[in-house]
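Containing CSV, C-alpha atoms and all ligand atoms: input_26.csv.
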```csv
chain,number,residue,atom,x,y,z
A,4,MET,CA,72.7,17.9,-39.7
A,5,ARG,CA,70.7,19.5,-42.4
A,6,TYR,CA,70.1,23.3,-42.3
A,7,GLY,CA,68.1,23.6,-45.5
A,8,LEU,CA,68.1,27.0,-47.0
A,9,VAL,CA,69.6,28.8,-44.1
A,10,ILE,CA,72.2,31.5,-44.9
A,11,ALA,CA,75.1,31.5,-42.4
A,12,LEU,CA,77.1,34.7,-42.0
A,13,SER,CA,80.3,34.6,-40.0
A,14,THR,CA,80.9,37.7,-37.9
A,15,LEU,CA,83.4,38.9,-35.3
A,16,ASN,CA,80.8,39.5,-32.7
A,17,PRO,CA,77.3,38.3,-33.7
A,18,CYS,CA,75.4,39.4,-30.6
A,19,ARG,CA,76.9,42.9,-30.6
A,20,TYR,CA,76.5,43.1,-34.3
A,21,LEU,CA,72.8,42.3,-34.2
A,22,HIS,CA,72.3,45.1,-31.7
A,23,GLU,CA,74.3,47.9,-33.1
A,24,PRO,CA,72.0,51.0,-33.5
A,25,LYS,CA,73.6,52.0,-36.8
A,26,THR,CA,72.8,48.6,-38.4
A,27,ARG,CA,69.7,49.5,-40.3
A,28,PHE,CA,68.5,46.0,-41.0
A,29,PRO,CA,65.2,45.5,-39.1
A,30,VAL,CA,66.7,43.8,-36.2
A,31,GLY,CA,69.3,46.4,-35.7
A,32,ARG,CA,66.7,49.1,-35.5
A,33,LEU,CA,64.6,47.2,-33.1
A,34,PHE,CA,67.1,45.7,-30.8
A,35,PRO,CA,70.2,47.9,-30.5
A,36,LEU,CA,71.7,46.4,-27.4
A,37,PRO,CA,75.1,45.3,-26.3
A,38,GLY,CA,75.6,41.6,-26.8
A,39,ARG,CA,77.1,41.1,-23.4
A,40,GLU,CA,73.6,41.5,-21.9
A,41,LEU,CA,72.4,38.4,-23.6
A,42,HIS,CA,73.7,35.8,-21.2
A,43,PRO,CA,71.4,33.1,-20.0
A,44,LEU,CA,70.7,33.2,-16.4
A,45,LYS,CA,72.9,36.3,-16.4
A,46,ALA,CA,70.0,37.3,-18.7
A,47,PRO,CA,67.6,34.3,-18.8
A,48,GLY,CA,65.7,35.8,-21.6
A,49,LEU,CA,65.2,39.3,-23.0
A,50,SER,CA,62.6,41.5,-24.6
A,51,TRP,CA,63.1,45.1,-25.8
A,52,ARG,CA,61.4,48.4,-26.1
A,53,THR,CA,62.3,50.5,-29.2
A,54,GLU,CA,62.5,54.0,-27.9
A,55,GLN,CA,64.4,53.4,-24.7
A,56,ARG,CA,66.2,50.5,-26.3
A,57,ARG,CA,65.8,48.6,-23.1
A,58,GLU,CA,65.9,45.0,-22.4
A,59,TYR,CA,63.8,43.3,-19.7
A,60,LEU,CA,65.0,40.1,-18.1
A,61,LEU,CA,62.7,37.1,-17.8
A,62,ASP,CA,62.8,34.3,-15.3
A,63,VAL,CA,63.7,30.7,-16.2
A,64,ASP,CA,61.9,27.4,-16.1
A,65,ALA,CA,63.1,25.5,-13.0
A,66,VAL,CA,63.8,22.2,-14.9
A,67,SER,CA,65.5,23.3,-18.1
A,68,LEU,CA,66.8,26.7,-16.9
A,69,CYS,CA,65.7,28.0,-20.3
A,70,ILE,CA,63.4,31.0,-20.7
A,71,ASP,CA,60.0,30.4,-19.0
A,72,PRO,CA,57.3,31.2,-21.6
A,73,ALA,CA,54.7,31.8,-18.9
A,74,ASP,CA,56.9,34.4,-17.3
A,75,ALA,CA,57.6,36.0,-20.7
A,76,GLU,CA,53.9,36.3,-21.4
A,77,ARG,CA,53.3,38.0,-18.0
A,78,ARG,CA,56.0,40.6,-18.7
A,79,ILE,CA,55.2,41.4,-22.3
A,80,THR,CA,53.9,45.0,-22.7
A,81,PRO,CA,52.4,46.6,-25.8
A,82,ARG,CA,55.8,48.2,-26.4
A,83,THR,CA,57.7,44.9,-26.4
A,84,ARG,CA,59.2,44.2,-29.9
A,85,ALA,CA,61.1,40.9,-29.6
A,86,ILE,CA,61.8,37.9,-27.4
A,87,MET,CA,65.3,36.4,-27.2
A,88,PRO,CA,65.4,32.9,-25.8
A,89,VAL,CA,68.8,31.6,-24.7
A,90,HIS,CA,69.3,27.8,-25.1
A,91,PHE,CA,70.7,27.2,-21.7
A,92,ALA,CA,73.7,24.9,-21.6
A,93,GLY,CA,72.9,23.8,-25.1
A,94,GLN,CA,69.3,22.5,-24.7
A,95,PRO,CA,66.8,24.3,-27.0
A,96,CYS,CA,64.0,26.3,-25.3
A,97,ASP,CA,60.4,25.4,-26.0
A,98,MET,CA,60.3,27.0,-29.4
A,99,ASP,CA,56.8,26.0,-30.3
A,100,ILE,CA,55.4,27.8,-27.3
A,101,LEU,CA,57.7,30.8,-27.8
A,102,HIS,CA,56.8,31.1,-31.5
A,103,ASP,CA,53.1,30.9,-30.7
A,104,LEU,CA,53.5,33.6,-28.0
A,105,ALA,CA,55.5,35.8,-30.4
A,106,LYS,CA,52.8,35.4,-33.1
A,107,ARG,CA,50.0,36.3,-30.7
A,108,CYS,CA,51.9,39.3,-29.4
A,109,GLY,CA,53.4,40.4,-32.7
A,110,LEU,CA,57.0,39.9,-31.6
A,111,ARG,CA,60.1,38.8,-33.5
A,112,VAL,CA,62.1,35.8,-32.2
A,113,ILE,CA,65.8,36.1,-32.1
A,114,GLU,CA,67.5,33.0,-30.7
A,115,ASP,CA,70.7,33.4,-28.7
A,116,ALA,CA,72.2,30.1,-29.6
A,117,THR,CA,75.6,30.9,-28.1
A,118,TYR,CA,75.7,27.4,-26.6
A,119,ALA,CA,73.6,25.5,-29.0
A,120,LEU,CA,75.8,24.3,-31.9
A,121,PRO,CA,74.8,21.7,-32.8
A,122,ALA,CA,71.4,21.2,-31.1
A,123,SER,CA,68.0,20.5,-32.5
A,124,TYR,CA,64.3,21.0,-31.7
A,125,ARG,CA,61.8,18.5,-33.1
A,126,GLY,CA,64.6,17.4,-35.5
A,127,ILE,CA,65.1,20.9,-36.8
A,128,PRO,CA,68.6,22.2,-36.2
A,129,VAL,CA,68.9,25.3,-34.0
A,130,GLY,CA,69.8,28.0,-36.6
A,131,ALA,CA,66.9,27.0,-38.9
A,132,ILE,CA,64.0,27.6,-36.5
A,133,SER,CA,63.6,31.4,-36.1
A,134,GLU,CA,64.1,34.5,-38.3
A,135,LEU,CA,67.5,35.1,-36.8
A,136,THR,CA,69.8,33.0,-34.7
A,137,ALA,CA,73.2,34.1,-33.2
A,138,PHE,CA,76.0,31.6,-32.4
A,139,SER,CA,79.2,32.2,-30.6
A,140,PHE,CA,82.6,30.8,-31.5
A,141,TYR,CA,84.4,32.2,-28.5
A,142,ALA,CA,87.1,30.1,-27.0
A,143,THR,CA,84.9,28.2,-24.5
A,144,LYS,CA,82.2,27.2,-26.9
A,145,THR,CA,81.5,23.9,-28.7
A,146,LEU,CA,83.1,25.2,-31.9
A,147,THR,CA,85.7,27.9,-31.6
A,148,THR,CA,87.6,30.3,-33.8
A,149,GLY,CA,89.1,32.0,-30.8
A,150,GLU,CA,86.6,34.8,-31.0
A,151,GLY,CA,83.6,35.5,-33.3
A,152,GLY,CA,80.5,33.7,-34.3
A,153,MET,CA,77.8,33.4,-36.9
A,154,VAL,CA,74.3,34.6,-37.6
A,155,THR,CA,71.8,32.4,-39.5
A,156,THR,CA,68.7,33.5,-41.3
A,157,GLU,CA,66.4,32.3,-44.1
A,158,ASN,CA,65.6,35.9,-45.0
A,159,ASP,CA,67.6,36.8,-48.1
A,160,ALA,CA,67.1,40.6,-47.7
A,161,LEU,CA,68.3,40.5,-44.1
A,162,ALA,CA,71.3,38.4,-45.1
A,163,THR,CA,72.3,40.8,-47.9
A,164,ARG,CA,72.0,43.7,-45.5
A,165,MET,CA,74.0,41.9,-42.8
A,166,ARG,CA,76.7,40.9,-45.2
A,167,MET,CA,77.2,44.5,-46.3
A,168,MET,CA,77.0,46.1,-42.9
A,169,ARG,CA,79.5,43.7,-41.3
A,170,LEU,CA,82.2,45.1,-43.6
A,171,HIS,CA,82.1,48.9,-43.8
A,172,GLY,CA,78.8,49.0,-45.6
A,173,ILE,CA,80.7,48.0,-48.8
A,174,GLY,CA,78.7,46.1,-51.5
A,175,ARG,CA,81.6,43.8,-52.5
A,176,ASP,CA,84.2,42.3,-50.2
A,177,ALA,CA,87.9,41.9,-51.1
A,178,TRP,CA,87.4,38.4,-52.5
A,179,LYS,CA,84.8,39.7,-54.9
A,180,ARG,CA,87.1,42.5,-56.0
A,181,TYR,CA,90.5,40.9,-56.2
A,182,SER,CA,90.1,37.3,-57.0
A,183,ALA,CA,90.3,36.0,-60.6
A,184,GLU,CA,86.6,36.2,-61.1
A,185,GLY,CA,86.3,39.5,-59.2
A,186,TYR,CA,85.9,43.0,-60.5
A,187,TRP,CA,87.6,46.1,-59.0
A,188,TYR,CA,84.4,48.3,-58.7
A,189,TYR,CA,82.8,48.7,-55.3
A,190,GLU,CA,80.5,51.2,-53.6
A,191,VAL,CA,80.0,52.1,-50.0
A,192,MET,CA,76.2,51.7,-49.6
A,193,ASP,CA,75.9,52.6,-45.9
A,194,SER,CA,77.8,53.5,-42.8
A,195,GLY,CA,78.8,50.0,-41.8
A,196,TYR,CA,80.9,48.2,-39.2
A,197,LYS,CA,84.1,46.1,-39.0
A,198,TYR,CA,82.5,42.9,-37.8
A,199,ASN,CA,83.8,40.5,-40.3
A,200,LEU,CA,85.3,37.3,-39.1
A,201,THR,CA,88.9,37.2,-40.3
A,202,ASP,CA,89.9,34.7,-43.0
A,203,ILE,CA,92.3,33.0,-40.6
A,204,GLN,CA,89.5,32.5,-38.1
A,205,SER,CA,87.2,31.3,-40.8
A,206,ALA,CA,89.8,28.7,-42.0
A,207,ILE,CA,89.9,27.4,-38.4
A,208,GLY,CA,86.1,27.4,-38.2
A,209,ILE,CA,85.7,25.4,-41.4
A,210,VAL,CA,88.0,22.6,-40.1
A,211,GLN,CA,86.2,22.7,-36.8
A,212,LEU,CA,82.8,22.5,-38.5
A,213,GLU,CA,83.8,19.2,-40.1
A,214,LYS,CA,84.4,17.8,-36.6
A,215,ILE,CA,81.3,19.2,-35.0
A,216,ASP,CA,79.2,16.0,-35.0
A,217,LYS,CA,82.0,13.9,-33.7
A,218,MET,CA,82.7,16.4,-30.9
A,219,ASN,CA,79.0,16.6,-30.1
A,220,ALA,CA,78.8,12.8,-29.9
A,221,ALA,CA,81.8,12.8,-27.4
A,222,ARG,CA,80.1,15.4,-25.3
A,223,GLY,CA,76.8,13.5,-25.3
A,224,GLU,CA,78.7,10.4,-24.2
A,225,ILE,CA,80.3,12.2,-21.3
A,226,ALA,CA,76.9,13.6,-20.3
A,227,SER,CA,75.3,10.2,-20.3
A,228,ARG,CA,78.2,8.7,-18.2
A,229,TYR,CA,77.8,11.4,-15.7
A,230,THR,CA,74.1,11.0,-15.5
A,231,LYS,CA,74.4,7.3,-15.1
A,232,GLY,CA,77.1,7.8,-12.4
A,233,PHE,CA,74.9,10.2,-10.4
A,234,ALA,CA,71.5,8.7,-11.0
A,235,ARG,CA,71.1,7.1,-7.6
A,236,GLU,CA,72.5,9.9,-5.6
A,237,ARG,CA,69.6,11.7,-3.9
A,238,THR,CA,71.7,14.7,-3.0
A,239,LEU,CA,72.2,15.4,-6.6
A,240,GLU,CA,69.9,16.4,-9.5
A,241,VAL,CA,71.2,15.6,-12.9
A,242,PRO,CA,70.3,17.7,-16.0
A,243,THR,CA,67.6,16.4,-18.2
A,244,VAL,CA,66.8,17.0,-21.9
A,245,ASN,CA,63.2,17.4,-22.8
A,246,ALA,CA,61.5,15.1,-25.4
A,247,ASN,CA,62.2,16.0,-29.0
A,248,ARG,CA,65.3,17.9,-28.3
A,249,GLU,CA,69.0,17.3,-28.8
A,250,SER,CA,71.4,19.2,-26.7
A,251,SER,CA,74.9,20.4,-27.7
A,252,TRP,CA,76.0,19.6,-24.1
A,253,HIS,CA,78.0,22.8,-24.0
A,254,LEU,CA,77.7,22.5,-20.2
A,255,TYR,CA,76.9,19.7,-17.8
A,256,VAL,CA,75.1,21.5,-14.9
A,257,LEU,CA,74.6,19.4,-11.9
A,258,ARG,CA,72.3,20.7,-9.1
A,259,LEU,CA,72.9,20.1,-5.4
A,260,ASN,CA,70.1,19.3,-3.0
A,261,LEU,CA,71.7,21.6,-0.4
A,262,GLU,CA,69.1,20.7,2.3
A,263,GLU,CA,70.6,17.2,2.4
A,264,LEU,CA,74.2,18.3,2.6
A,265,THR,CA,76.3,19.7,5.4
A,266,ILE,CA,78.4,21.8,3.0
A,267,THR,CA,77.7,24.7,0.7
A,268,ARG,CA,78.3,24.8,-3.0
A,269,SER,CA,81.5,26.9,-2.5
A,270,GLU,CA,82.8,24.3,-0.1
A,271,MET,CA,82.0,21.6,-2.6
A,272,ILE,CA,83.9,23.5,-5.3
A,273,GLU,CA,86.9,23.8,-2.9
A,274,ARG,CA,86.9,20.1,-2.0
A,275,LEU,CA,86.8,19.2,-5.7
A,276,LYS,CA,89.6,21.6,-6.4
A,277,ALA,CA,91.7,19.9,-3.7
A,278,ARG,CA,91.3,16.7,-5.8
A,279,GLY,CA,92.6,18.5,-8.9
A,280,MET,CA,89.2,19.1,-10.4
A,281,SER,CA,88.0,22.4,-11.8
A,282,THR,CA,84.3,23.1,-11.6
A,283,SER,CA,82.4,26.4,-12.2
A,284,VAL,CA,79.1,28.1,-11.8
A,285,HIS,CA,77.1,29.0,-14.9
A,286,PHE,CA,76.0,31.7,-14.4
A,287,ILE,CA,75.5,34.4,-11.8
A,288,PRO,CA,72.1,35.8,-12.8
A,289,LEU,CA,72.3,39.2,-14.4
A,290,HIS,CA,69.8,40.7,-11.9
A,291,MET,CA,72.2,39.8,-9.0
A,292,HIS,CA,75.1,41.9,-10.4
A,293,PRO,CA,75.7,45.3,-8.8
A,294,TYR,CA,75.6,47.1,-12.2
A,295,TYR,CA,72.2,45.7,-13.2
A,296,GLN,CA,70.8,46.4,-9.7
A,297,ARG,CA,72.1,49.9,-9.8
A,298,ALA,CA,71.1,50.7,-13.4
A,299,TYR,CA,67.8,48.9,-13.6
A,300,GLY,CA,66.8,48.5,-9.9
A,301,TYR,CA,66.4,44.7,-10.2
A,302,GLN,CA,65.7,42.9,-7.0
A,303,THR,CA,66.5,39.2,-6.3
A,304,GLU,CA,62.9,38.4,-5.6
A,305,GLU,CA,61.8,39.5,-9.1
A,306,PHE,CA,63.3,36.4,-10.6
A,307,PRO,CA,62.6,33.8,-7.9
A,308,VAL,CA,63.4,30.7,-10.0
A,309,ALA,CA,66.7,31.9,-11.4
A,310,SER,CA,67.7,33.3,-7.9
A,311,ALA,CA,66.9,30.0,-6.2
A,312,GLN,CA,68.4,27.7,-8.8
A,313,TYR,CA,71.6,29.7,-8.9
A,314,GLN,CA,72.4,28.7,-5.3
A,315,ARG,CA,72.4,25.0,-6.3
A,316,TYR,CA,74.1,24.5,-9.6
A,317,LEU,CA,77.7,23.4,-10.4
A,318,SER,CA,79.2,22.8,-13.8
A,319,LEU,CA,81.3,19.7,-14.2
A,320,PRO,CA,84.2,19.5,-16.7
A,321,ILE,CA,83.0,18.5,-20.2
A,322,PHE,CA,85.1,18.6,-23.3
A,323,PRO,CA,85.3,16.2,-26.3
A,324,LYS,CA,88.8,14.9,-25.5
A,325,MET,CA,88.0,13.8,-22.0
A,326,THR,CA,89.2,10.2,-21.4
A,327,PRO,CA,87.0,7.6,-19.7
A,328,MET,CA,89.5,7.7,-16.8
A,329,GLN,CA,89.0,11.4,-16.4
A,330,ILE,CA,85.2,11.0,-16.6
A,331,ASP,CA,85.3,8.3,-13.9
A,332,TYR,CA,87.6,10.5,-11.8
A,333,VAL,CA,85.1,13.3,-11.9
A,334,ILE,CA,82.2,10.9,-10.9
A,335,ASP,CA,84.2,9.3,-8.1
A,336,SER,CA,85.4,12.6,-6.7
A,337,VAL,CA,81.9,14.1,-6.6
A,338,LEU,CA,80.5,11.0,-4.9
A,339,GLU,CA,83.4,10.9,-2.4
A,340,VAL,CA,82.9,14.6,-1.5
A,341,ILE,CA,79.1,14.0,-1.1
A,342,GLU,CA,79.7,10.9,1.0
A,343,GLY,CA,81.6,13.0,3.5
A,344,ALA,CA,79.0,15.7,3.6
A,345,ARG,CA,75.7,13.9,3.9
A,346,LEU,CA,73.2,15.2,6.5
A,401,LIG,C1,74.1,33.7,-23.7
A,401,LIG,C2,75.2,34.4,-24.3
A,401,LIG,N1,75.0,35.2,-25.3
A,401,LIG,C3,76.0,35.9,-25.9
A,401,LIG,C4,77.3,35.8,-25.5
A,401,LIG,C5,78.3,36.5,-26.2
A,401,LIG,O1,79.1,35.7,-27.1
A,401,LIG,P1,80.5,36.3,-27.6
A,401,LIG,O2,81.5,36.1,-26.5
A,401,LIG,O3,80.8,35.4,-28.7
A,401,LIG,O4,80.3,37.7,-28.0
A,401,LIG,C6,77.6,34.9,-24.5
A,401,LIG,C7,79.0,34.7,-24.0
A,401,LIG,O5,79.3,33.8,-23.4
A,401,LIG,C8,76.6,34.3,-23.8
A,401,LIG,O6,76.8,33.5,-22.7
```
Kindly return the structure encoded in the file as structure tokens.
Ligand SMILES: Cc1ncc(COP(=O)(O)O)c(C=O)c1O
Amino acid sequence: MRYGLVIALSTLNPCRYLHEPKTRFPVGRLFPLPGRELHPLKAPGLSWRTEQRREYLLDVDAVSLCIDPADAERRITPRTRAIMPVHFAGQPCDMDILHDLAKRCGLRVIEDATYALPASYRGIPVGAISELTAFSFYATKTLTTGEGGMVTTENDALATRMRMMRLHGIGRDAWKRYSAEGYWYYEVMDSGYKYNLTDIQSAIGIVQLEKIDKMNAARGEIASRYTKGFARERTLEVPTVNANRESSWHLYVLRLNLEELTITRSEMIERLKARGMSTSVHFIPLHMHPYYQRAYGYQTEEFPVASAQYQRYLSLPIFPKMTPMQIDYVIDSVLEVIEGARL
């Protein structure tokens, strides 16, 4: 995939790093929030106010489970500074509409592409679409270095600032000082952080990066086999990818038509577990967690789509080394459980 002139910076915790208050690159000033609050559905989409440094959750689109641009537009206030779309499960959000909205309202767009490596929108890779994009290399992601991630930007000044601030605010890292071409002199330019990805993690990441297209093709193949396997089952809704988009297929999120089943989603999970199959739920929406309700007074009804869809979804196993036998086993198991639970 071609990323053009994008500058990619590895960092130990890209989301956290982008939101540190001390980081004085523009985004740091505007959006100093803990990265943990950037989860999709846990936080379907976010916008910030500068003074209070507060994020506001947005509801999702019922089909893609990505940020709903219409809901974003409704919730924007004159004090909103940025919008942060999360590419749910690896499918890019509608970036044209979001960029248009951001332009009209004078907002920055920061993509939370935690799940979207590699994914593309109208042929442009995620990471080369907006001013800033953050990816995660955490253990569960499509590319992993154990922990860490990367931020991409086309903005040179921003990249220079981020490069410096991720390592103590020092102008030149150890490689630039101690290698044969290096020079000993360095200056501390600002009060920086220790957010550099380690060399060991980077070495792992570079090898992983060489395999990313192959791993992505394997995930895509699993997804299409699942979709084919479940296509005729009316109690299930398979995930779809909108036109002009390529998904990273980080997750395969099936949805249950619960009104046609005699069992709940939890019972379904238990029955699949009894067949040796692990499934999960991605994610419990942020506004439904006790902390967020206590701290921000969120109510379930404020995000009707995320609240309703949350009851229905179930993530199936998906990983590049899945064998055809394992894929078939998943399909057969789901269909068998459904067969015994049809209304
Ligand atoms: C949407 C989203 N954003 C950000 C993060 C944080 O990523 P990391 O664990 O690499 O800090 C996560 C973690 O899973 C996430 O789901």
Residue neighbourhood Ser336 (chain A), 12 Å, only C-alpha atoms, exclusion window fewer than 5 positions, as a list of chain:residue names: A:Tyr229, A:Gly232, A:Phe233, A:Met271, A:Ile272, A:Glu273, A:Arg274, A:Leu275, A:Lys276, A:Ala277, A:Arg278, A:Gly279, A:Met280, A:Ser281, A:Thr282, A:Leu319, A:Met328, A:Gln329, A:Ile330, A:Asp331, A:Ile341, A:Glu342, A:Gly343
Shell of 6 Å around Met153 (chain A), all atoms listed in the file, local chain residues under 6 positions omitted, as a ChimeraX atom specification: /A:12-14,17,137-138
Distance in Å - CA of Trp252 (chain A) versus CA of Arg222 (chain A): 6.0 Å
Output as JSON the centre and edge lengths (Å, one decimal) of the box along x, y and z of the file that holds every listed atom of ligand LIG 401 (chain A) after adding 5 Å on each side.
```
{"center_x": 77.8, "center_y": 35.6, "center_z": -25.7, "size_x": 17.4, "size_y": 14.2, "size_z": 16.0}
```
Separation of CA of Val191 (chain A) from CA of Trp178 (chain A), in Å and rounded to one decimal: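 Rounded to one decimal, the two atoms are 15.8 Å apart.
With all atoms listed in the file as the atoms that count, the residue of A:Val256, A:Arg268, A:Leu212, A:Pro288 with the shortest distance to ligand LIG 401 (chain A) is A:Pro288.
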Long-range neighbours of Ala298 (chain A) as an MDAnalysis selection string, 12 Å cut-off, all atoms listed in the file, 4 positions minimum in chain: chainID A and resid 57:58 289:294 302
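Remark: for ligand LIG 401 (chain A), the closest of the candidate residues A:Leu261, A:Leu68, A:Ile209, A:Val89 is A:Val89 (distances computed over all atoms listed in the file).
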Distance criterion (only C-alpha atoms and all ligand atoms): nearest to ligand LIG 401 (chain A) out of A:Ala162, A:Ala311, A:Leu254, A:Leu239: A:Leu254
Residue nearest Ser283 (chain A) among A:Ile321, A:Arg248, A:Trp187, A:Arg169 (counting all atoms listed in the file):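 Using all atoms listed in the file, Ser283 (chain A) sits closest to A:Ile321.
CA of Asp64 (chain A) is positioned 20.8 Å from CA of Arg107 (chain A).
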Using only C-alpha atoms and all ligand atoms: which of A:Ile79, A:Ala11, A:Leu170, A:Ala116 has the shortest distance to ligand LIG 401 (chain A):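 Among A:Ile79, A:Ala11, A:Leu170, A:Ala116, it is A:Ala116 that comes nearest to ligand LIG 401 (chain A).
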Nearest candidate to Cys96 (chain A) (options A:Gln296, A:Gln211, A:Ser67, A:Ser269; using only C-alpha atoms): A:Ser67
Residue contacts of Leu120 (chain A) (9 Å, all atoms listed in the file) excluding same-chain residues fewer than 3 positions away, as a PyMOL selection string: chain A and resi 93+116-117+123+128-130+138-139+144-146+215+219+250-251+253
Residues within 9 Å of (89.0, 30.5, -34.1), file coords, only C-alpha atoms, listed as a list in words: Phe140, Tyr141, Ala142, Leu146, Thr147, Thr148, Gly149, Glu150, Gly151, Ile203, Gln204, Ser205, Ala206, Ile207, Gly208 and Gln211 of chain A
Selection: 12 Å around Glu76 (chain A), all atoms listed in the file, excl. self and same-chain fewer than 6 positions, as an MDAnalysis selection string: chainID A and resid 48:50 61:62 70 83 85:86 100:108 110
